[in-house]
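Structure data follow from structure-v7.pdb (PDB, C-alpha atoms, pLDDT in the B column):
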ATOM      1  CA  VAL A 140      20.014   6.637  12.687  1.00 91.00           C
ATOM      2  CA  TRP A 141      17.888   4.481  10.369  1.00 94.00           C
ATOM      3  CA  TYR A 142      15.114   3.984  12.894  1.00 96.00           C
ATOM      4  CA  ILE A 143      15.061   7.650  13.843  1.00 96.00           C
ATOM      5  CA  SER A 144      14.742   8.738  10.221  1.00 96.00           C
ATOM      6  CA  LEU A 145      12.087   6.090   9.554  1.00 93.00           C
ATOM      7  CA  GLY A 146      10.084   7.202  12.579  1.00 94.00           C
ATOM      8  CA  MET A 147      10.333  10.840  11.564  1.00 95.00           C
ATOM      9  CA  MET A 148       9.252  10.021   8.014  1.00 94.00           C
ATOM     10  CA  ILE A 149       6.206   8.122   9.271  1.00 93.00           C
ATOM     11  CA  ALA A 150       5.294  10.888  11.723  1.00 94.00           C
ATOM     12  CA  VAL A 151       5.543  13.595   9.066  1.00 95.00           C
ATOM     13  CA  SER A 152       3.629  11.575   6.473  1.00 94.00           C
ATOM     14  CA  ILE A 153       0.817  10.915   8.962  1.00 94.00           C
ATOM     15  CA  HIS A 154       0.389  14.664   9.351  1.00 94.00           C
ATOM     16  CA  VAL A 155       0.566  15.258   5.599  1.00 94.00           C
ATOM     17  CA  VAL A 156      -1.644  12.505   4.129  1.00 93.00           C
ATOM     18  CA  GLY A 157      -3.400  10.930   7.102  1.00 94.00           C
ATOM     19  CA  THR A 158      -3.142   7.929   9.347  1.00 94.00           C
ATOM     20  CA  ILE A 159      -5.271   5.537   7.320  1.00 95.00           C
ATOM     21  CA  LEU A 160      -3.333   6.007   4.097  1.00 96.00           C
ATOM     22  CA  VAL A 161       0.085   5.716   5.769  1.00 96.00           C
ATOM     23  CA  PHE A 162      -0.758   2.502   7.575  1.00 96.00           C
ATOM     24  CA  ALA A 163      -2.465   1.080   4.492  1.00 97.00           C
ATOM     25  CA  TYR A 164       0.744   1.684   2.517  1.00 96.00           C
ATOM     26  CA  LEU A 165       2.836   0.143   5.302  1.00 95.00           C
ATOM     27  CA  VAL A 166       0.715  -3.003   5.656  1.00 97.00           C
ATOM     28  CA  LEU A 167      -1.383  -3.923   2.630  1.00 98.00           C
ATOM     29  CA  PRO A 168       1.171  -4.067  -0.230  1.00 98.00           C
ATOM     30  CA  PRO A 169       3.714  -6.174   1.718  1.00 97.00           C
ATOM     31  CA  VAL A 170       1.013  -8.528   2.997  1.00 98.00           C
ATOM     32  CA  THR A 171      -0.324  -8.890  -0.536  1.00 98.00           C
ATOM     33  CA  ALA A 172       3.184  -9.659  -1.776  1.00 98.00           C
ATOM     34  CA  LEU A 173       3.678 -12.221   0.999  1.00 98.00           C
ATOM     35  CA  LEU A 174       0.690 -14.125  -0.350  1.00 97.00           C
ATOM     36  CA  LEU A 175       2.636 -14.704  -3.571  1.00 97.00           C
ATOM     37  CA  SER A 176       6.206 -15.285  -2.366  1.00 97.00           C
ATOM     38  CA  ARG A 177       8.351 -15.791   0.725  1.00 96.00           C
ATOM     39  CA  ARG A 178      11.644 -14.592  -0.801  1.00 97.00           C
ATOM     40  CA  LEU A 179      12.588 -11.155   0.506  1.00 97.00           C
ATOM     41  CA  GLY A 180      13.735  -9.684  -2.803  1.00 97.00           C
ATOM     42  CA  ILE A 181      10.603 -10.776  -4.631  1.00 98.00           C
ATOM     43  CA  VAL A 182       8.353  -9.568  -1.808  1.00 98.00           C
ATOM     44  CA  LEU A 183      10.080  -6.183  -1.873  1.00 97.00           C
ATOM     45  CA  TRP A 184       9.549  -5.681  -5.608  1.00 98.00           C
ATOM     46  CA  LEU A 185       6.015  -7.060  -5.537  1.00 98.00           C
ATOM     47  CA  SER A 186       5.035  -4.762  -2.668  1.00 98.00           C
ATOM     48  CA  VAL A 187       6.372  -1.746  -4.565  1.00 98.00           C
ATOM     49  CA  PHE A 188       4.472  -2.908  -7.656  1.00 98.00           C
ATOM     50  CA  PHE A 189       1.242  -3.379  -5.688  1.00 98.00           C
ATOM     51  CA  ALA A 190       1.620   0.052  -4.063  1.00 98.00           C
ATOM     52  CA  VAL A 191       2.116   1.720  -7.445  1.00 98.00           C
ATOM     53  CA  ILE A 192      -0.856  -0.105  -8.976  1.00 98.00           C
ATOM     54  CA  SER A 193      -3.055   0.806  -6.002  1.00 97.00           C
ATOM     55  CA  THR A 194      -1.968   4.440  -6.203  1.00 98.00           C
ATOM     56  CA  VAL A 195      -2.714   4.687  -9.915  1.00 98.00           C
ATOM     57  CA  VAL A 196      -6.075   2.941  -9.639  1.00 97.00           C
ATOM     58  CA  GLY A 197      -7.058   4.936  -6.544  1.00 97.00           C
ATOM     59  CA  THR A 198      -6.105   8.206  -8.201  1.00 96.00           C
ATOM     60  CA  LEU A 199      -8.085   7.327 -11.308  1.00 96.00           C
ATOM     61  CA  ILE A 200     -11.104   6.489  -9.156  1.00 96.00           C
ATOM     62  CA  ALA A 201     -10.723   9.752  -7.234  1.00 96.00           C
ATOM     63  CA  VAL A 202     -10.625  11.931 -10.341  1.00 95.00           C
ATOM     64  CA  SER A 203     -13.526  10.100 -11.939  1.00 94.00           C
ATOM     65  CA  PRO A 204     -17.083  11.473 -11.684  1.00 94.00           C
ATOM     66  CA  LEU A 205     -17.564   9.403  -8.496  1.00 90.00           C
ATOM     67  CA  ASP A 206     -16.008  12.266  -6.476  1.00 87.00           C
ATOM     68  CA  VAL A 207     -14.362  10.047  -3.848  1.00 94.00           C
ATOM     69  CA  PRO A 208     -11.560  11.376  -1.587  1.00 95.00           C
ATOM     70  CA  ILE A 209      -8.209  10.249  -2.971  1.00 95.00           C
ATOM     71  CA  SER A 210      -6.872   8.643   0.203  1.00 95.00           C
ATOM     72  CA  TYR A 211      -9.976   6.520   0.651  1.00 95.00           C
ATOM     73  CA  ALA A 212      -9.855   5.475  -2.995  1.00 97.00           C
ATOM     74  CA  ILE A 213      -6.227   4.395  -2.676  1.00 97.00           C
ATOM     75  CA  VAL A 214      -6.892   2.454   0.534  1.00 97.00           C
ATOM     76  CA  ALA A 215      -9.903   0.769  -1.069  1.00 97.00           C
ATOM     77  CA  SER A 216      -7.881  -0.207  -4.130  1.00 97.00           C
ATOM     78  CA  CYS A 217      -5.155  -1.646  -1.854  1.00 98.00           C
ATOM     79  CA  ALA A 218      -7.776  -3.661   0.008  1.00 98.00           C
ATOM     80  CA  VAL A 219      -9.414  -4.899  -3.194  1.00 98.00           C
ATOM     81  CA  LEU A 220      -6.017  -5.920  -4.585  1.00 98.00           C
ATOM     82  CA  TYR A 221      -5.318  -7.841  -1.375  1.00 98.00           C
ATOM     83  CA  ALA A 222      -8.717  -9.547  -1.487  1.00 98.00           C
ATOM     84  CA  LEU A 223      -8.273 -10.524  -5.131  1.00 98.00           C
ATOM     85  CA  THR A 224      -4.809 -11.923  -4.466  1.00 98.00           C
ATOM     86  CA  TRP A 225      -6.016 -13.781  -1.400  1.00 98.00           C
ATOM     87  CA  SER A 226      -8.940 -15.326  -3.259  1.00 98.00           C
ATOM     88  CA  ALA A 227      -6.714 -16.307  -6.189  1.00 97.00           C
ATOM     89  CA  THR A 228      -4.053 -17.988  -4.038  1.00 94.00           C
ATOM     90  CA  GLY A 229      -6.119 -19.817  -1.539  1.00 80.00           C
TER      91      GLY A 229
END

Any chance you could give the structure as structure tokens?
Amino acid sequence: VWYISLGMMIAVSIHVVGTILVFAYLVLPPVTALLLSRRLGIVLWLSVFFAVISTVVGTLIAVSPLDVPISYAIVASCAVLYALTWSATG
């Protein structure tokens, strides 16, 4: 039941917001969190934190005078957050 509902949620969200944004949310925040910790509970909370920060920053960039599409701004902020974390840890 869990896997069926997860698959349906991913399929619906791909149609609603787009493939790039869905897979960026599925991959980039957890990978960024894994750079900082290996404990599952900490990685879970850090990945939620990184996703929220990326969403807020991407939304602020999208509504700024730059006139960037919101999904691309969120994906770019996720990628920049990953790159900053990677450069700071290694």

What's the 12 Å shell around range 151-158 of chain A, counting all atoms listed in the file, without same-chain residues fewer than 3 positions away, as an MDAnalysis selection string?
-> chainID A and resid 144:148 161:165 208:211 213:214

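Taking CA of Ile200 in chain A as the reference point, CA of Ala227 in chain A is found at 23.4 Å.
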
Quick one, how far is CA of Leu174 in chain A from CA of Val195 in chain A?
->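 Between these atoms lies a distance of 21.4 Å.
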
Using the chain letters and numbers from the file, which residues does the PyMOL selection byres ((chain A and resi 194) around 9) grab, as a ChimeraX atom specification?
-> /A:189-193,195-199,212-214,216-217

Could you jot down the CA of Leu205 in chain A to CA of Ala218 in chain A separation for me, Å, one decimal place?
->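 Interatomic distance, CA of Leu205 in chain A to CA of Ala218 in chain A: 18.4 Å.
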
Give the answer as one residue: which of A:Ile149, A:Leu173, A:Leu160, A:Val140 has the shortest atom-to-atom distance to Tyr221 in chain A, using only C-alpha atoms?
-> A:Leu173

For Ala215 in chain A, the nearest of the candidates A:Ala201, A:Trp141, A:Ile181, A:Val187, counting all atoms listed in the file |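 Between A:Ala201, A:Trp141, A:Ile181, A:Val187, the residue approaching Ala215 in chain A most closely is A:Ala201.
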
Only C-alpha atoms, as a compact mmCIF listing (two decimals), in the first residue's frame: that is what I want for chain A.
# COMPACT_ATOMS: atom_id res chain seq x y z
CA VAL A 140 0.00 0.00 0.00
CA TRP A 141 2.84 2.39 0.86
CA TYR A 142 4.64 1.91 -2.43
CA ILE A 143 1.45 2.25 -4.44
CA SER A 144 0.54 5.52 -2.75
CA LEU A 145 4.11 6.81 -3.11
CA GLY A 146 4.14 5.95 -6.81
CA MET A 147 0.78 7.62 -7.35
CA MET A 148 1.92 10.73 -5.50
CA ILE A 149 5.05 10.99 -7.64
CA ALA A 150 3.10 10.41 -10.85
CA VAL A 151 0.52 13.07 -10.00
CA SER A 152 3.14 15.59 -8.87
CA ILE A 153 5.10 15.11 -12.10
CA HIS A 154 1.99 16.12 -14.04
CA VAL A 155 1.29 19.06 -11.74
CA VAL A 156 4.72 20.68 -11.25
CA GLY A 157 7.01 18.97 -13.75
CA THR A 158 9.60 16.25 -13.89
CA ILE A 159 12.65 18.36 -13.13
CA LEU A 160 11.25 19.85 -9.94
CA VAL A 161 9.95 16.52 -8.60
CA PHE A 162 13.23 14.71 -9.13
CA ALA A 163 15.21 17.66 -7.77
CA TYR A 164 13.12 17.50 -4.57
CA LEU A 165 13.58 13.72 -4.38
CA VAL A 166 17.36 13.78 -4.85
CA LEU A 167 19.07 17.05 -3.98
CA PRO A 168 17.94 17.74 -0.38
CA PRO A 169 18.66 14.19 0.87
CA VAL A 170 22.03 14.09 -0.89
CA THR A 171 22.89 17.47 0.61
CA ALA A 172 21.90 16.19 4.05
CA LEU A 173 24.00 13.05 3.56
CA LEU A 174 27.04 15.27 3.13
CA LEU A 175 26.56 16.46 6.72
CA SER A 176 25.44 13.32 8.56
CA ARG A 177 24.96 9.57 8.21
CA ARG A 178 22.33 9.18 10.95
CA LEU A 179 18.88 8.61 9.46
CA GLY A 180 16.96 10.90 11.80
CA ILE A 181 19.34 13.80 11.28
CA VAL A 182 19.40 13.27 7.51
CA LEU A 183 15.60 13.28 7.44
CA TRP A 184 15.31 16.59 9.29
CA LEU A 185 18.18 18.18 7.39
CA SER A 186 16.68 17.19 4.03
CA VAL A 187 13.34 18.73 5.02
CA PHE A 188 15.18 21.87 6.16
CA PHE A 189 17.15 22.08 2.90
CA ALA A 190 13.99 21.59 0.84
CA VAL A 191 12.20 24.37 2.71
CA ILE A 192 15.16 26.74 2.38
CA SER A 193 15.46 25.98 -1.34
CA THR A 194 11.73 26.53 -1.84
CA VAL A 195 11.77 29.88 -0.06
CA VAL A 196 14.89 31.11 -1.84
CA GLY A 197 13.66 29.86 -5.23
CA THR A 198 10.29 31.51 -4.75
CA LEU A 199 11.91 34.78 -3.76
CA ILE A 200 14.12 34.63 -6.85
CA ALA A 201 11.10 33.86 -9.04
CA VAL A 202 9.05 36.80 -7.80
CA SER A 203 11.99 39.18 -8.04
CA PRO A 204 12.44 41.42 -11.11
CA LEU A 205 14.58 38.66 -12.70
CA ASP A 206 11.37 37.02 -14.02
CA VAL A 207 12.63 33.43 -13.76
CA PRO A 208 10.21 30.46 -13.83
CA ILE A 209 9.60 29.28 -10.27
CA SER A 210 10.47 25.62 -10.80
CA TYR A 211 13.81 26.46 -12.38
CA ALA A 212 14.59 28.90 -9.58
CA ILE A 213 13.85 26.26 -6.94
CA VAL A 214 15.96 23.63 -8.72
CA ALA A 215 18.82 26.12 -9.08
CA SER A 216 18.66 27.03 -5.40
CA CYS A 217 18.71 23.31 -4.49
CA ALA A 218 21.76 22.82 -6.69
CA VAL A 219 23.54 25.87 -5.28
CA LEU A 220 22.82 24.69 -1.72
CA TYR A 221 24.27 21.29 -2.59
CA ALA A 222 27.37 22.85 -4.17
CA LEU A 223 27.93 25.11 -1.17
CA THR A 224 27.56 22.22 1.25
CA TRP A 225 29.85 20.03 -0.83
CA SER A 226 32.53 22.71 -1.02
CA ALA A 227 32.28 23.40 2.72
CA THR A 228 32.58 19.74 3.75
CA GLY A 229 35.23 18.50 1.45
